[in-house]
$ cat input-v6.cif   # mmCIF, C-alpha atoms
data_work
#
loop_
_atom_site.label_atom_id
_atom_site.label_comp_id
_atom_site.auth_asym_id
_atom_site.auth_seq_id
_atom_site.Cartn_x
_atom_site.Cartn_y
_atom_site.Cartn_z
CA MET A 241 45.14 52.56 -150.48
CA VAL A 242 47.05 54.93 -152.69
CA ARG A 243 45.80 58.15 -151.11
CA ARG A 244 48.46 58.74 -148.47
CA PRO A 245 51.50 57.94 -150.66
CA VAL A 246 50.17 60.26 -153.37
CA ALA A 247 49.71 63.03 -150.80
CA TRP A 248 53.29 62.51 -149.53
CA VAL A 249 54.68 62.60 -153.09
CA VAL A 250 52.70 65.76 -153.91
CA ALA A 251 53.98 67.43 -150.74
CA VAL A 252 57.62 66.57 -151.53
CA VAL A 253 57.28 67.65 -155.17
CA LEU A 254 55.65 70.97 -154.26
CA PHE A 255 58.25 71.74 -151.57
CA THR A 256 61.05 70.94 -154.03
CA GLU A 257 59.40 73.04 -156.69
CA ALA A 258 59.01 75.93 -154.23
CA LEU A 259 62.72 75.88 -153.47
CA GLY A 260 63.58 75.56 -157.17
CA ILE A 261 61.37 78.47 -158.26
CA ALA A 262 62.68 80.72 -155.49
CA ALA A 263 66.31 79.80 -156.23
CA VAL A 264 66.02 80.30 -160.00
CA ASN A 265 64.35 83.70 -159.65
CA TRP A 266 66.85 84.78 -157.00
CA PHE A 267 69.69 83.74 -159.33
CA LEU A 268 68.14 85.68 -162.21
CA GLY A 269 67.83 88.74 -159.98
CA VAL A 270 71.52 88.48 -159.05
CA VAL A 271 72.50 88.11 -162.73
CA VAL A 272 70.51 91.21 -163.72
CA ASP A 273 72.02 93.14 -160.81
CA ARG A 274 75.60 92.18 -161.63
CA GLN A 275 75.25 92.73 -165.37
CA ASP A 276 73.69 96.15 -164.78
CA MET A 277 71.33 95.41 -167.65
CA SER A 278 68.35 97.50 -168.58
CA LEU A 279 65.30 96.45 -170.53
CA ALA A 280 63.50 99.22 -172.39
CA GLY A 281 64.87 101.83 -170.01
CA LEU A 282 63.78 100.11 -166.78
CA ASP A 283 65.96 100.55 -163.74
CA PRO A 284 68.18 97.45 -163.31
CA ASN A 285 67.79 97.60 -159.54
CA VAL A 286 64.00 97.49 -159.83
CA MET A 287 64.23 94.52 -162.22
CA SER A 288 66.56 92.69 -159.85
CA VAL A 289 64.44 93.29 -156.76
CA SER A 290 61.20 92.42 -158.56
CA SER A 291 62.68 89.13 -159.79
CA LYS A 292 63.77 88.21 -156.27
CA VAL A 293 60.44 89.23 -154.70
CA GLY A 294 58.48 87.41 -157.40
CA GLY A 295 60.51 84.27 -156.82
CA LEU A 296 59.95 84.43 -153.08
CA VAL A 297 56.20 85.01 -153.48
CA PHE A 298 55.81 82.20 -156.03
CA GLY A 299 57.98 79.90 -153.91
CA ALA A 300 55.90 80.70 -150.83
CA TYR A 301 52.75 79.90 -152.80
CA PHE A 302 54.08 76.47 -153.79
CA ALA A 303 55.33 75.89 -150.24
CA LEU A 304 51.86 76.68 -148.89
CA CYS A 305 50.35 74.23 -151.39
CA GLY A 306 52.94 71.67 -150.27
CA LEU A 307 51.95 72.29 -146.65
CA VAL A 308 48.32 71.56 -147.52
CA ALA A 309 49.37 68.31 -149.21
CA LEU A 310 51.52 67.44 -146.18
CA LEU A 311 48.56 68.00 -143.85
CA VAL A 312 46.42 65.80 -146.08
CA ALA A 313 49.05 63.05 -145.89
CA VAL A 314 49.45 63.28 -142.12
CA ARG A 315 45.74 63.50 -141.29
CA ASP A 316 44.56 61.17 -144.10
CA ARG A 317 41.59 63.46 -144.69
CA ALA A 318 40.49 65.35 -147.76
CA PRO A 319 41.55 68.98 -148.03
CA ALA A 320 38.71 71.34 -147.25
CA GLY A 321 37.99 75.01 -147.72
CA PHE A 322 41.01 77.18 -148.41
CA GLY A 323 43.37 74.19 -148.71
CA ARG A 324 41.25 72.63 -151.44
CA ILE A 325 41.12 75.94 -153.29
CA LEU A 326 44.92 76.19 -153.05
CA LEU A 327 45.42 72.72 -154.51
CA ILE A 328 42.95 73.39 -157.32
CA SER A 329 44.72 76.67 -158.12
CA ALA A 330 48.08 74.84 -158.09
CA ALA A 331 46.67 72.36 -160.61
CA VAL A 332 45.52 75.23 -162.85
CA VAL A 333 48.92 76.94 -162.52
CA HIS A 334 50.71 73.72 -163.52
CA ALA A 335 48.39 73.29 -166.51
CA LEU A 336 49.15 76.83 -167.69
CA LEU A 337 52.88 76.47 -167.03
CA GLY A 338 52.85 73.18 -168.91
CA ALA A 339 51.27 74.83 -171.92
CA LEU A 340 53.86 77.61 -171.82
CA ALA A 341 56.72 75.19 -171.21
CA TRP A 342 55.90 73.21 -174.33
CA GLY A 343 56.58 76.21 -176.56
CA LEU A 344 59.27 78.01 -174.57
CA VAL A 345 61.34 75.35 -172.83
CA GLY A 346 60.62 72.00 -174.44
CA TRP A 347 58.82 68.74 -173.99
CA THR A 348 60.72 67.61 -170.86
CA ALA A 349 59.51 70.63 -168.87
CA PHE A 350 56.05 70.05 -170.30
CA LEU A 351 56.09 66.43 -169.10
CA PHE A 352 57.21 67.51 -165.62
CA MET A 353 54.40 70.07 -165.35
CA VAL A 354 51.81 67.60 -166.62
CA GLY A 355 53.13 64.99 -164.17
CA VAL A 356 52.75 67.36 -161.23
CA LEU A 357 49.31 68.36 -162.53
CA GLY A 358 48.34 64.69 -162.66
CA LEU A 359 49.56 64.09 -159.11
CA ILE A 360 47.59 67.04 -157.74
CA VAL A 361 44.43 65.97 -159.57
CA LEU A 362 44.94 62.39 -158.34
CA LEU A 363 45.27 63.68 -154.78
CA LEU A 364 42.05 65.66 -155.11
CA MET A 365 40.12 62.85 -156.78
CA THR A 366 41.14 59.99 -154.49
CA TYR A 367 40.00 61.88 -151.43
CA ASP A 368 36.69 62.75 -153.11
CA ALA A 369 35.89 59.04 -153.43
CA GLN A 370 36.30 58.42 -149.70
CA GLY A 371 32.79 59.64 -148.91
CA ALA A 372 31.21 56.44 -150.32
CA PRO A 373 29.70 54.20 -147.62
CA GLU A 374 31.50 50.96 -146.89
CA GLU A 375 30.02 47.56 -146.03
CA PRO A 376 30.18 46.46 -142.40
CA ALA A 377 33.12 44.15 -141.66
CA ASP A 378 30.96 41.44 -140.04
CA ALA A 379 28.58 41.04 -143.01
CA ALA A 380 28.83 37.80 -144.93
CA PRO A 381 29.69 38.54 -148.55
CA ASP A 382 27.06 36.26 -150.13
CA SER A 383 24.27 36.28 -147.52
CA GLY A 384 22.35 39.13 -149.13
CA LYS A 385 21.87 40.75 -145.72
CA GLY A 386 23.77 43.50 -143.93
CA GLY A 387 25.39 43.03 -140.52
CA ASP A 388 22.21 44.15 -138.71
CA GLY A 389 19.91 41.76 -140.61
CA SER A 390 18.71 44.42 -143.02
CA PRO A 391 18.56 43.73 -146.74
CA ALA A 392 21.88 44.41 -148.47
CA GLY A 393 22.13 48.06 -149.48
CA GLY A 394 18.95 49.05 -147.65
CA SER A 395 17.63 50.05 -144.29
CA PRO A 396 15.87 47.64 -141.84
CA ALA A 397 12.52 48.92 -143.12
CA GLY A 398 13.54 48.11 -146.69
CA GLY A 399 13.79 51.76 -147.78
CA SER A 400 16.66 53.47 -149.48
CA PRO A 401 19.79 54.10 -147.35
CA VAL A 402 19.41 57.81 -148.12
CA THR A 403 15.79 58.06 -147.02
CA PRO A 404 15.42 61.33 -145.08
CA PRO A 405 14.10 61.22 -141.53
CA PRO A 406 10.43 62.06 -141.00
CA ALA A 407 9.56 65.73 -140.75
CA PRO A 408 9.34 67.08 -137.20
CA THR A 409 5.89 67.71 -135.87
CA THR A 410 4.91 70.82 -133.98
CA PRO A 411 3.28 70.34 -130.55
#
$ encode --input "input-v6.cif" --output "structure tokens"
Amino acid sequence: MVRRPVAWVVAVVLFTEALGIAAVNWFLGVVVDRQDMSLAGLDPNVMSVSSKVGGLVFGAYFALCGLVALLVAVRDRAPAGFGRILLISAAVVHALLGALAWGLVGWTAFLFMVGVLGLIVLLLMTYDAQGAPEEPADAAPDSGKGGDGSPAGGSPAGGSPVTPPPAPTTP
């Protein structure tokens, strides 16, 4: 299957992106600090510190998303709860950054963002498909019967495989 390799690639890409975002924002904070620049009367020290803190927070966010992808790869299970929400939010962030990158940076940054978006969506979608029931391994492919003698795709009584159990009776 392609699920685990995609999860590993997503984890590596998100960890690399976390380091890159944190490093770029830290560098920009150092440049503002050393240039002693001011933008519309703002304190240069505040601008420098806010750039560094923003880079660390954004980098930590991507690192946390990478950790979720790493756990998905190691466990080979779909992300659930907060982890799934993190990966969905990372996909939305990459879609928005891709749209901004097209106009501000260029098409290569846009392609990178869309590529990461595609990988995250592929990770989420491939693990969604794992809930489908599989055929038993000992069933003959052309016998028309399941491994327990039941009709193919049905229960021994001939009902649907999703037939609910009978309602409990009260004594």
$ closest_residue --input "input-v6.cif" --among "A:Gly260, A:Gly323, A:Pro245, A:Gly281" --to "Leu362 in chain A" --atoms "all atoms listed in the file"
A:Pro245
$ resolve_selection --input "input-v6.cif" --expression "the PyMOL selection byres ((chain A and resi 305) around 8)" --output "list of chain:residue names"
A:Ala251, A:Leu254, A:Tyr301, A:Phe302, A:Ala303, A:Leu304, A:Gly306, A:Leu307, A:Val308, A:Ala309, A:Gly323, A:Leu326, A:Leu327, A:Ala330
$ axis_aligned_box --input "input-v6.cif" --around "range 322-338 of chain A" --padding-each-side "3 Å" --output "lines of an AutoDock Vina configuration file"
center_x = 46.9
center_y = 74.8
center_z = -158.7
size_x = 17.9
size_y = 10.8
size_z = 26.5
$ resolve_selection --input "input-v6.cif" --expression "the PyMOL selection byres ((chain A and resi 359) around 12)" --output "PyMOL selection string"
chain A and resi 242-254+309+327-328+330-331+334-335+352-358+360-366
$ atom_distance --input "input-v6.cif" --atom1 "CA of Leu337 in chain A" --atom2 "CA of Arg315 in chain A"
29.7 Å
$ resolve_selection --input "input-v6.cif" --expression "the PyMOL selection byres ((chain A and resi 290-293) around 12)" --output "list in words"
Ile261, Ala262, Ala263, Val264, Asn265, Trp266, Phe267, Leu268, Gly269, Val270, Val271, Val272, Asp273, Leu282, Asp283, Pro284, Asn285, Val286, Met287, Ser288, Val289, Gly294, Gly295, Leu296, Val297, Phe298, Gly299 and Ala300 of chain A
$ write_last_selection --input "input-v6.cif" --atoms "C-alpha atoms" --output "PDB file, in the frame of the given file"
ATOM      1  CA  ILE A 261      61.370  78.470-158.260  1.00  0.00           C
ATOM      2  CA  ALA A 262      62.680  80.720-155.490  1.00  0.00           C
ATOM      3  CA  ALA A 263      66.310  79.800-156.230  1.00  0.00           C
ATOM      4  CA  VAL A 264      66.020  80.300-160.000  1.00  0.00           C
ATOM      5  CA  ASN A 265      64.350  83.700-159.650  1.00  0.00           C
ATOM      6  CA  TRP A 266      66.850  84.780-157.000  1.00  0.00           C
ATOM      7  CA  PHE A 267      69.690  83.740-159.330  1.00  0.00           C
ATOM      8  CA  LEU A 268      68.140  85.680-162.210  1.00  0.00           C
ATOM      9  CA  GLY A 269      67.830  88.740-159.980  1.00  0.00           C
ATOM     10  CA  VAL A 270      71.520  88.480-159.050  1.00  0.00           C
ATOM     11  CA  VAL A 271      72.500  88.110-162.730  1.00  0.00           C
ATOM     12  CA  VAL A 272      70.510  91.210-163.720  1.00  0.00           C
ATOM     13  CA  ASP A 273      72.020  93.140-160.810  1.00  0.00           C
ATOM     14  CA  LEU A 282      63.780 100.110-166.780  1.00  0.00           C
ATOM     15  CA  ASP A 283      65.960 100.550-163.740  1.00  0.00           C
ATOM     16  CA  PRO A 284      68.180  97.450-163.310  1.00  0.00           C
ATOM     17  CA  ASN A 285      67.790  97.600-159.540  1.00  0.00           C
ATOM     18  CA  VAL A 286      64.000  97.490-159.830  1.00  0.00           C
ATOM     19  CA  MET A 287      64.230  94.520-162.220  1.00  0.00           C
ATOM     20  CA  SER A 288      66.560  92.690-159.850  1.00  0.00           C
ATOM     21  CA  VAL A 289      64.440  93.290-156.760  1.00  0.00           C
ATOM     22  CA  GLY A 294      58.480  87.410-157.400  1.00  0.00           C
ATOM     23  CA  GLY A 295      60.510  84.270-156.820  1.00  0.00           C
ATOM     24  CA  LEU A 296      59.950  84.430-153.080  1.00  0.00           C
ATOM     25  CA  VAL A 297      56.200  85.010-153.480  1.00  0.00           C
ATOM     26  CA  PHE A 298      55.810  82.200-156.030  1.00  0.00           C
ATOM     27  CA  GLY A 299      57.980  79.900-153.910  1.00  0.00           C
ATOM     28  CA  ALA A 300      55.900  80.700-150.830  1.00  0.00           C
TER      29      ALA A 300
END
$ atom_distance --input "input-v6.cif" --atom1 "CA of Ala258 in chain A" --atom2 "CA of Ala349 in chain A"
15.6 Å
$ atom_distance --input "input-v6.cif" --atom1 "CA of Gly321 in chain A" --atom2 "CA of Leu259 in chain A"
25.4 Å
$ closest_residue --input "input-v6.cif" --among "A:Thr348, A:Trp342, A:Asp276, A:Asp368" --to "Arg317 in chain A" --atoms "all atoms listed in the file"
A:Asp368
$ build_atoms --input "input-v6.cif" --residues "range 279-290 of chain A" --atoms "all heavy atoms" --output "mmCIF file, keeping the file's coordinate frame"
data_model
loop_
_atom_site.group_PDB
_atom_site.id
_atom_site.type_symbol
_atom_site.label_atom_id
_atom_site.label_comp_id
_atom_site.auth_asym_id
_atom_site.auth_seq_id
_atom_site.Cartn_x
_atom_site.Cartn_y
_atom_site.Cartn_z
ATOM 1 N N LEU A 279 66.212 96.906 -169.497
ATOM 2 C CA LEU A 279 65.300 96.450 -170.530
ATOM 3 C C LEU A 279 64.302 97.558 -170.797
ATOM 4 O O LEU A 279 63.504 97.913 -169.920
ATOM 5 C CB LEU A 279 64.570 95.179 -170.055
ATOM 6 C CG LEU A 279 63.589 94.561 -171.022
ATOM 7 C CD1 LEU A 279 64.328 94.006 -172.238
ATOM 8 C CD2 LEU A 279 62.836 93.440 -170.339
ATOM 9 N N ALA A 280 64.385 98.131 -171.962
ATOM 10 C CA ALA A 280 63.500 99.220 -172.390
ATOM 11 C C ALA A 280 63.537 100.395 -171.413
ATOM 12 O O ALA A 280 62.521 101.004 -171.104
ATOM 13 C CB ALA A 280 62.073 98.711 -172.565
ATOM 14 N N GLY A 281 64.708 100.680 -170.875
ATOM 15 C CA GLY A 281 64.870 101.830 -170.010
ATOM 16 C C GLY A 281 64.471 101.608 -168.559
ATOM 17 O O GLY A 281 64.465 102.556 -167.778
ATOM 18 N N LEU A 282 64.128 100.378 -168.183
ATOM 19 C CA LEU A 282 63.780 100.110 -166.780
ATOM 20 C C LEU A 282 65.032 100.132 -165.921
ATOM 21 O O LEU A 282 66.126 99.781 -166.358
ATOM 22 C CB LEU A 282 63.103 98.740 -166.659
ATOM 23 C CG LEU A 282 61.724 98.604 -167.287
ATOM 24 C CD1 LEU A 282 61.244 97.163 -167.196
ATOM 25 C CD2 LEU A 282 60.738 99.513 -166.587
ATOM 26 N N ASP A 283 64.859 100.511 -164.687
ATOM 27 C CA ASP A 283 65.960 100.550 -163.740
ATOM 28 C C ASP A 283 66.413 99.121 -163.430
ATOM 29 O O ASP A 283 65.588 98.285 -163.033
ATOM 30 C CB ASP A 283 65.506 101.263 -162.466
ATOM 31 C CG ASP A 283 66.613 101.414 -161.451
ATOM 32 O OD1 ASP A 283 67.788 101.350 -161.844
ATOM 33 O OD2 ASP A 283 66.286 101.596 -160.262
ATOM 34 N N PRO A 284 67.708 98.809 -163.584
ATOM 35 C CA PRO A 284 68.180 97.450 -163.310
ATOM 36 C C PRO A 284 67.946 97.018 -161.853
ATOM 37 O O PRO A 284 67.685 95.842 -161.594
ATOM 38 C CB PRO A 284 69.674 97.504 -163.615
ATOM 39 C CG PRO A 284 69.856 98.687 -164.487
ATOM 40 C CD PRO A 284 68.765 99.644 -164.139
ATOM 41 N N ASN A 285 68.020 97.949 -160.937
ATOM 42 C CA ASN A 285 67.790 97.600 -159.540
ATOM 43 C C ASN A 285 66.340 97.166 -159.306
ATOM 44 O O ASN A 285 66.079 96.217 -158.568
ATOM 45 C CB ASN A 285 68.146 98.784 -158.633
ATOM 46 C CG ASN A 285 68.146 98.398 -157.178
ATOM 47 O OD1 ASN A 285 68.513 97.283 -156.811
ATOM 48 N ND2 ASN A 285 67.721 99.327 -156.336
ATOM 49 N N VAL A 286 65.409 97.856 -159.954
ATOM 50 C CA VAL A 286 64.000 97.490 -159.830
ATOM 51 C C VAL A 286 63.754 96.109 -160.441
ATOM 52 O O VAL A 286 63.027 95.285 -159.876
ATOM 53 C CB VAL A 286 63.104 98.556 -160.513
ATOM 54 C CG1 VAL A 286 61.659 98.096 -160.591
ATOM 55 C CG2 VAL A 286 63.205 99.862 -159.780
ATOM 56 N N MET A 287 64.374 95.831 -161.582
ATOM 57 C CA MET A 287 64.230 94.520 -162.220
ATOM 58 C C MET A 287 64.790 93.425 -161.328
ATOM 59 O O MET A 287 64.191 92.347 -161.185
ATOM 60 C CB MET A 287 64.907 94.509 -163.588
ATOM 61 C CG MET A 287 64.184 95.344 -164.596
ATOM 62 S SD MET A 287 64.977 95.518 -166.222
ATOM 63 C CE MET A 287 65.912 94.084 -166.440
ATOM 64 N N SER A 288 65.933 93.683 -160.717
ATOM 65 C CA SER A 288 66.560 92.690 -159.850
ATOM 66 C C SER A 288 65.704 92.404 -158.621
ATOM 67 O O SER A 288 65.456 91.245 -158.277
ATOM 68 C CB SER A 288 67.942 93.191 -159.423
ATOM 69 O OG SER A 288 68.496 92.361 -158.446
ATOM 70 N N VAL A 289 65.253 93.459 -157.970
ATOM 71 C CA VAL A 289 64.440 93.290 -156.760
ATOM 72 C C VAL A 289 63.109 92.623 -157.094
ATOM 73 O O VAL A 289 62.637 91.743 -156.357
ATOM 74 C CB VAL A 289 64.238 94.654 -156.062
ATOM 75 C CG1 VAL A 289 63.204 94.556 -154.969
ATOM 76 C CG2 VAL A 289 65.548 95.157 -155.509
ATOM 77 N N SER A 290 62.490 93.012 -158.212
ATOM 78 C CA SER A 290 61.200 92.420 -158.560
ATOM 79 C C SER A 290 61.345 90.938 -158.906
ATOM 80 O O SER A 290 60.457 90.135 -158.598
ATOM 81 C CB SER A 290 60.543 93.175 -159.712
ATOM 82 O OG SER A 290 61.330 93.077 -160.880
#
